[in-house]
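As structure tokens, the structure follows; a few thoughts come after it.
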Amino acid sequence: MSRRALVVFGGNGFVGSAVCAAAVARNVPVVAVSRSGTRPPQLSGGDGCWSERVRWVKGDALDASTYEALLGEAAAVVVSVGTPPLPFVNRAFQRKMNGETNAAIVRAAGRAGVERVVLVNAAMPAWLLAVAPGYAEGKRDAAVAAAAFAADRSAVSSAAHAAVLEPSVVYGTRYTVAPWGGTVPVPLGVVLGPASWALRSLSGLTRALRRAAPYAFDGVLFPPVPVGAVARGAVHHALDAQPAGGKVVTEGPEELLRYA
């Protein structure tokens with residue numbers, strides 16, 4: 001079977017759907033896997049016409065039998081699943097949802113012989129471990145799985161490549177379910193776009209502050225990243241990036257802003 005498709009786990013989410021759109025723009029066959037298997041309602045018609053070129057599939061990240069056949073078609077896999085870092089949420093649950101759900105997909109991709117894996121993770125400031133320990137531990141577990149994929153697959157294929165993307169706050173237009181039905185756009189870029197520009201303009205100062213007091217400033221002073229930049233970064237590593245010789249490539253907020 002020819003491996004041409006880009007399989008995006010979490011493809012109907014905020015970041016995942018942007019990855020699908022960026023890949024469609026490159027004329028790549030795209031499969032979007034999610035728990036519901038449905039296309040987000042806001043993509044019906046209008047600016048979402050690209051979504052008609054995506055195959056929307058239902059799958060359970062923790063049950064490889066629901067998606068392993070898709071991996072046989074995959075030239076690359078992008079993983080963008082998880083829960084937000086909310087305090088007071090069960091630690092084991094957050095670790096599972098942000099760690100094992102991602103790691104299970106990465107391991108299944110390795111077993112299926114997929115050449116490239118891109119993990120959309122998150123920047124990890126020091127204080128996050130205290131605020132949302134399960135989230136931080138899960139993200140770390142997922143990154144470890146990506147590193148293992150890079151090492152193991154590179155031992156049998158020189159084309160193997162793995163990347164971990166670690167954006168800070170990701171902004172764009174999110175959609176939330178309205179009480180009266182349908183969805184309502186939330187344009188986060190109105191506030192976070194100017195904030196990103198300001199923090200980039202003061203990058204020398206913010207780096208100095210992060211070095212001087214990492215627990216206080218690390219993460220807080222990372223520039224927000226537009227969702228399109230994260231998506232283009234993911235597609236770049238899925239399709240174009242040169243393999244790193246068995247090492248996982250990690251890109252943080254400032255590196256991802258190069259794709260903006």
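Every chain in the structure tokens takes a letter, A first, then B, and so on in the order presented; its residues are numbered from 1, and the ligands are numbered from 1 following the presented order.
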
Leaving out region 117-120 of chain A and any residue of its chain fewer than 5 positions from it, which residues lie within 9 Å of it when counting only C-alpha atoms, given as a PyMOL selection string? chain A and resi 15-16+76-81+102+106+109-110+142-143+146+149-150+160-167+230+234-235+237-238

Could you dump the residues just selected with C-alpha atoms as a short mmCIF file (atom, residue, chain, number, x, y, z; two decimals), in the first residue's frame?
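So the final result, stored in selection.cif, reads:
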```cif
data_model
loop_
_atom_site.label_atom_id
_atom_site.label_comp_id
_atom_site.auth_asym_id
_atom_site.auth_seq_id
_atom_site.Cartn_x
_atom_site.Cartn_y
_atom_site.Cartn_z
CA VAL A 15 -5.03 23.11 16.45
CA GLY A 16 -5.77 19.84 14.70
CA ALA A 76 3.24 10.89 8.61
CA VAL A 77 1.18 11.27 11.77
CA VAL A 78 0.42 14.47 13.67
CA VAL A 79 -0.83 14.11 17.24
CA SER A 80 -2.79 16.99 18.77
CA VAL A 81 -4.88 15.63 21.63
CA ASN A 102 -0.45 10.71 22.88
CA VAL A 106 3.12 7.42 18.76
CA ALA A 109 2.73 4.63 14.50
CA GLY A 110 6.14 3.10 15.16
CA ALA A 142 4.35 12.12 25.44
CA ALA A 143 7.67 13.79 24.61
CA ALA A 146 8.33 10.81 20.58
CA PHE A 149 10.08 6.78 18.18
CA ALA A 150 12.91 8.83 16.68
CA ALA A 160 12.53 8.55 10.05
CA HIS A 161 11.84 11.86 11.76
CA ALA A 162 10.11 13.00 14.94
CA ALA A 163 9.34 16.52 16.11
CA VAL A 164 7.83 17.89 19.31
CA LEU A 165 6.24 21.32 18.99
CA GLU A 166 5.99 23.27 22.23
CA PRO A 167 3.95 26.45 21.71
CA VAL A 230 1.74 25.82 14.76
CA ALA A 234 3.55 20.61 12.01
CA VAL A 235 3.13 20.18 8.26
CA HIS A 237 8.02 18.46 9.96
CA ALA A 238 5.52 15.96 8.58
#
```

Based on DSSP run over this structure's backbone, return all residues of region 121-192 of chain A in strand (DSSP E or B), as a list in words. His161, Ala162, Ala163, Val164, Leu165, Val170, Tyr171, Thr173, Arg174, Tyr175, Thr176, Val177, Thr183, Val184, Pro185, Val186 and Pro187 of chain A

Go through region 27-200 of chain A and collect every residue that DSSP, computed from the backbone, puts in helix (DSSP H, G or I); the answer should be as a PyMOL selection string. chain A and resi 41-43+46-53+64-66+68-71+91-111+128-131+133-154+189-200

Closest-contact table, region 96-182 of chain A side, partner region 55-66 of chain A, 9 Å, counting only C-alpha atoms, as CSV:
```
residue,atom,partner,partner_atom,distance
A:Glu100,CA,A:Leu62,CA,7.6
A:Thr101,CA,A:Ala61,CA,5.4
A:Asn102,CA,A:Ala61,CA,7.3
A:Ala104,CA,A:Leu62,CA,6.1
A:Ile105,CA,A:Ala61,CA,6.1
A:Ala108,CA,A:Ala64,CA,6.7
```

For the residues in that selection, give me N, CA and C atoms as an mmCIF file, in the first residue's frame.
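What ended up in out_31.cif:
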```cif
data_model
loop_
_atom_site.group_PDB
_atom_site.id
_atom_site.type_symbol
_atom_site.label_atom_id
_atom_site.label_comp_id
_atom_site.auth_asym_id
_atom_site.auth_seq_id
_atom_site.Cartn_x
_atom_site.Cartn_y
_atom_site.Cartn_z
ATOM 1 N N GLU A 100 -0.589 9.341 28.094
ATOM 2 C CA GLU A 100 -0.791 8.024 27.508
ATOM 3 C C GLU A 100 -1.576 8.083 26.201
ATOM 4 N N THR A 101 -2.545 9.006 26.095
ATOM 5 C CA THR A 101 -3.287 9.093 24.833
ATOM 6 C C THR A 101 -2.362 9.447 23.668
ATOM 7 N N ASN A 102 -1.427 10.339 23.908
ATOM 8 C CA ASN A 102 -0.449 10.712 22.881
ATOM 9 C C ASN A 102 0.566 9.603 22.653
ATOM 10 N N ALA A 104 0.363 6.433 23.202
ATOM 11 C CA ALA A 104 -0.201 5.241 22.567
ATOM 12 C C ALA A 104 -0.233 5.396 21.050
ATOM 13 N N ILE A 105 -0.593 6.577 20.579
ATOM 14 C CA ILE A 105 -0.621 6.827 19.135
ATOM 15 C C ILE A 105 0.787 6.775 18.553
ATOM 16 N N ALA A 108 1.949 3.205 18.360
ATOM 17 C CA ALA A 108 1.253 2.494 17.283
ATOM 18 C C ALA A 108 1.809 2.898 15.921
#
```

So that each row is one residue of region 163-249 of chain A with an atom at most 12 Å from region 31-43 of chain A, can you give its shortest atom pair and the distance in Å to one decimal, using only C-alpha atoms, rows by chain and rising number, as a tab-separated table?
```
residue	atom	partner	partner_atom	distance
A:Thr173	CA	A:Gln42	CA	11.0
A:Arg174	CA	A:Gln42	CA	10.0
A:Tyr175	CA	A:Gln42	CA	7.7
A:Thr176	CA	A:Gln42	CA	9.9
A:Val177	CA	A:Pro41	CA	10.0
A:Gly181	CA	A:Pro41	CA	11.0
A:Gly182	CA	A:Pro41	CA	7.7
A:Thr183	CA	A:Gln42	CA	6.9
A:Val184	CA	A:Gln42	CA	8.8
A:Pro185	CA	A:Gln42	CA	8.9
```

How would the residues just chosen look if you wrote them out with N, CA and C atoms as a PDB file, in the first residue's frame?
```
ATOM      1  N   THR A 173      -9.091  32.008  16.026  1.00  0.00           N
ATOM      2  CA  THR A 173     -10.529  32.038  16.299  1.00  0.00           C
ATOM      3  C   THR A 173     -10.981  30.661  16.752  1.00  0.00           C
ATOM      4  N   ARG A 174     -11.293  30.567  18.019  1.00  0.00           N
ATOM      5  CA  ARG A 174     -11.870  29.339  18.562  1.00  0.00           C
ATOM      6  C   ARG A 174     -13.394  29.411  18.440  1.00  0.00           C
ATOM      7  N   TYR A 175     -14.007  28.249  18.517  1.00  0.00           N
ATOM      8  CA  TYR A 175     -15.468  28.196  18.480  1.00  0.00           C
ATOM      9  C   TYR A 175     -15.972  27.460  19.709  1.00  0.00           C
ATOM     10  N   THR A 176     -16.976  28.035  20.346  1.00  0.00           N
ATOM     11  CA  THR A 176     -17.564  27.414  21.520  1.00  0.00           C
ATOM     12  C   THR A 176     -19.043  27.172  21.260  1.00  0.00           C
ATOM     13  N   VAL A 177     -19.577  26.143  21.901  1.00  0.00           N
ATOM     14  CA  VAL A 177     -20.988  25.804  21.711  1.00  0.00           C
ATOM     15  C   VAL A 177     -21.859  26.831  22.425  1.00  0.00           C
ATOM     16  N   GLY A 181     -27.689  26.690  20.826  1.00  0.00           N
ATOM     17  CA  GLY A 181     -27.353  25.828  19.703  1.00  0.00           C
ATOM     18  C   GLY A 181     -26.381  26.490  18.749  1.00  0.00           C
ATOM     19  N   GLY A 182     -25.697  25.683  17.974  1.00  0.00           N
ATOM     20  CA  GLY A 182     -24.704  26.218  17.056  1.00  0.00           C
ATOM     21  C   GLY A 182     -23.416  26.580  17.779  1.00  0.00           C
ATOM     22  N   THR A 183     -22.562  27.303  17.093  1.00  0.00           N
ATOM     23  CA  THR A 183     -21.276  27.691  17.666  1.00  0.00           C
ATOM     24  C   THR A 183     -21.092  29.204  17.581  1.00  0.00           C
ATOM     25  N   VAL A 184     -20.269  29.716  18.482  1.00  0.00           N
ATOM     26  CA  VAL A 184     -19.978  31.144  18.536  1.00  0.00           C
ATOM     27  C   VAL A 184     -18.472  31.335  18.404  1.00  0.00           C
ATOM     28  N   PRO A 185     -18.013  32.187  17.484  1.00  0.00           N
ATOM     29  CA  PRO A 185     -16.569  32.412  17.346  1.00  0.00           C
ATOM     30  C   PRO A 185     -16.027  33.256  18.490  1.00  0.00           C
TER      31      PRO A 185
END
```

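For the atom pair formed by CA of Val54 (chain A) and CA of Val30 (chain A), the distance is 5.2 Å, given to one decimal.
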
Within 9 Å of region 203-209 of chain A using only C-alpha atoms, minus same-chain residues under 6 positions, as JSON, numbers by chain: {"A": [216, 217, 218, 221, 222, 223]}

Selected residues written out, N, CA and C atoms, as an mmCIF file, in the first residue's frame:
```cif
data_model
loop_
_atom_site.group_PDB
_atom_site.id
_atom_site.type_symbol
_atom_site.label_atom_id
_atom_site.label_comp_id
_atom_site.auth_asym_id
_atom_site.auth_seq_id
_atom_site.Cartn_x
_atom_site.Cartn_y
_atom_site.Cartn_z
ATOM 1 N N ALA A 216 9.212 32.644 38.293
ATOM 2 C CA ALA A 216 8.247 33.744 38.231
ATOM 3 C C ALA A 216 7.861 34.103 36.802
ATOM 4 N N PHE A 217 8.842 34.065 35.880
ATOM 5 C CA PHE A 217 8.602 34.619 34.550
ATOM 6 C C PHE A 217 8.569 33.583 33.427
ATOM 7 N N ASP A 218 9.138 32.396 33.654
ATOM 8 C CA ASP A 218 9.178 31.401 32.585
ATOM 9 C C ASP A 218 7.749 31.023 32.193
ATOM 10 N N LEU A 221 6.137 34.984 30.038
ATOM 11 C CA LEU A 221 6.678 35.919 29.050
ATOM 12 C C LEU A 221 6.956 35.278 27.697
ATOM 13 N N PHE A 222 6.531 34.035 27.497
ATOM 14 C CA PHE A 222 6.616 33.450 26.165
ATOM 15 C C PHE A 222 5.604 34.158 25.265
ATOM 16 N N PRO A 223 5.978 34.533 24.052
ATOM 17 C CA PRO A 223 4.995 35.159 23.158
ATOM 18 C C PRO A 223 3.936 34.154 22.719
#
```

In Å, rounded to a single decimal, give me how far CA of Leu188 (chain A) is from CA of Gly48 (chain A). 18.9 Å

With only C-alpha atoms as the counted atoms, please give the residues lying no more than 10 Å from Gly138 (chain A), apart from itself and same-chain residues fewer than 6 positions off, as a VMD selection string. chain A and resid 82 91 to 103 121 144

File of the preceding selection, N, CA and C atoms, as a short mmCIF file (atom, residue, chain, number, x, y, z; two decimals), in the first residue's frame:
```cif
data_model
loop_
_atom_site.label_atom_id
_atom_site.label_comp_id
_atom_site.auth_asym_id
_atom_site.auth_seq_id
_atom_site.Cartn_x
_atom_site.Cartn_y
_atom_site.Cartn_z
N GLY A 82 -5.48 16.10 23.92
CA GLY A 82 -5.19 16.36 25.33
C GLY A 82 -6.23 17.25 25.97
N ARG A 91 -5.22 14.35 39.08
CA ARG A 91 -3.86 14.28 38.54
C ARG A 91 -3.69 13.09 37.59
N ALA A 92 -4.17 11.92 38.00
CA ALA A 92 -4.01 10.73 37.17
C ALA A 92 -4.77 10.88 35.85
N PHE A 93 -5.95 11.49 35.91
CA PHE A 93 -6.73 11.70 34.69
C PHE A 93 -5.99 12.62 33.72
N GLN A 94 -5.47 13.74 34.25
CA GLN A 94 -4.75 14.67 33.37
C GLN A 94 -3.50 14.03 32.78
N ARG A 95 -2.81 13.23 33.59
CA ARG A 95 -1.61 12.58 33.06
C ARG A 95 -1.97 11.59 31.95
N LYS A 96 -3.05 10.86 32.15
CA LYS A 96 -3.49 9.91 31.14
C LYS A 96 -3.89 10.61 29.84
N MET A 97 -4.70 11.67 29.96
CA MET A 97 -5.22 12.33 28.78
C MET A 97 -4.15 13.08 28.00
N ASN A 98 -3.15 13.59 28.68
CA ASN A 98 -2.09 14.35 28.00
C ASN A 98 -0.83 13.53 27.74
N GLY A 99 -0.75 12.37 28.37
CA GLY A 99 0.43 11.53 28.20
C GLY A 99 0.14 10.25 27.46
N GLU A 100 -0.59 9.34 28.09
CA GLU A 100 -0.79 8.02 27.51
C GLU A 100 -1.58 8.08 26.20
N THR A 101 -2.55 9.01 26.10
CA THR A 101 -3.29 9.09 24.83
C THR A 101 -2.36 9.45 23.67
N ASN A 102 -1.43 10.34 23.91
CA ASN A 102 -0.45 10.71 22.88
C ASN A 102 0.57 9.60 22.65
N ALA A 103 1.10 9.07 23.76
CA ALA A 103 2.14 8.05 23.65
C ALA A 103 1.62 6.80 22.95
N ASN A 121 2.80 19.45 21.47
CA ASN A 121 2.87 19.40 22.92
C ASN A 121 2.66 20.80 23.49
N VAL A 144 8.66 11.89 25.76
CA VAL A 144 9.54 10.72 25.87
C VAL A 144 9.18 9.69 24.80
#
```

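Proximity ranking of A:Ala21, A:Ala195, A:Ala148, A:Ala155 relative to Asp47 (chain A) places A:Ala21 first, based on only C-alpha atoms.
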
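Comparing the minimum interatomic distances between Val89 (chain A) and each of A:Ala132, A:Trp127, A:Pro226, A:Glu137, counting only C-alpha atoms, we find that A:Ala132 sits nearest.
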
Students should find that CA of Leu192 (chain A) and CA of Glu255 (chain A) are spaced 17.6 Å

Could you name the residues that touch Leu257 (chain A) at 12 Å or less, counting only C-alpha atoms, but leaving out those on the same chain fewer than 6 positions away, as a VMD selection string? chain A and resid 165 to 170 193 196 to 197 199 to 200 222 to 233 251

Point out the residue among A:Val24, A:Phe14, A:Gly246, A:Phe88 with the least atom-to-atom distance to Val131 (chain A), counting only C-alpha atoms. A:Phe88

Give me the residues within 10 Å of Asn90 (chain A) as an MDAnalysis selection string, counting only C-alpha atoms and dropping any in the same chain fewer than 6 places off. chainID A and resid 132:135

Restrict the selected residues to C-alpha atoms and save them as an mmCIF file, in the first residue's frame.
```cif
data_model
loop_
_atom_site.group_PDB
_atom_site.id
_atom_site.type_symbol
_atom_site.label_atom_id
_atom_site.label_comp_id
_atom_site.auth_asym_id
_atom_site.auth_seq_id
_atom_site.Cartn_x
_atom_site.Cartn_y
_atom_site.Cartn_z
ATOM 1 C CA ALA A 132 -1.210 21.200 37.136
ATOM 2 C CA PRO A 133 1.180 18.308 37.866
ATOM 3 C CA GLY A 134 -0.779 15.682 35.943
ATOM 4 C CA TYR A 135 -0.795 17.845 32.831
#
```
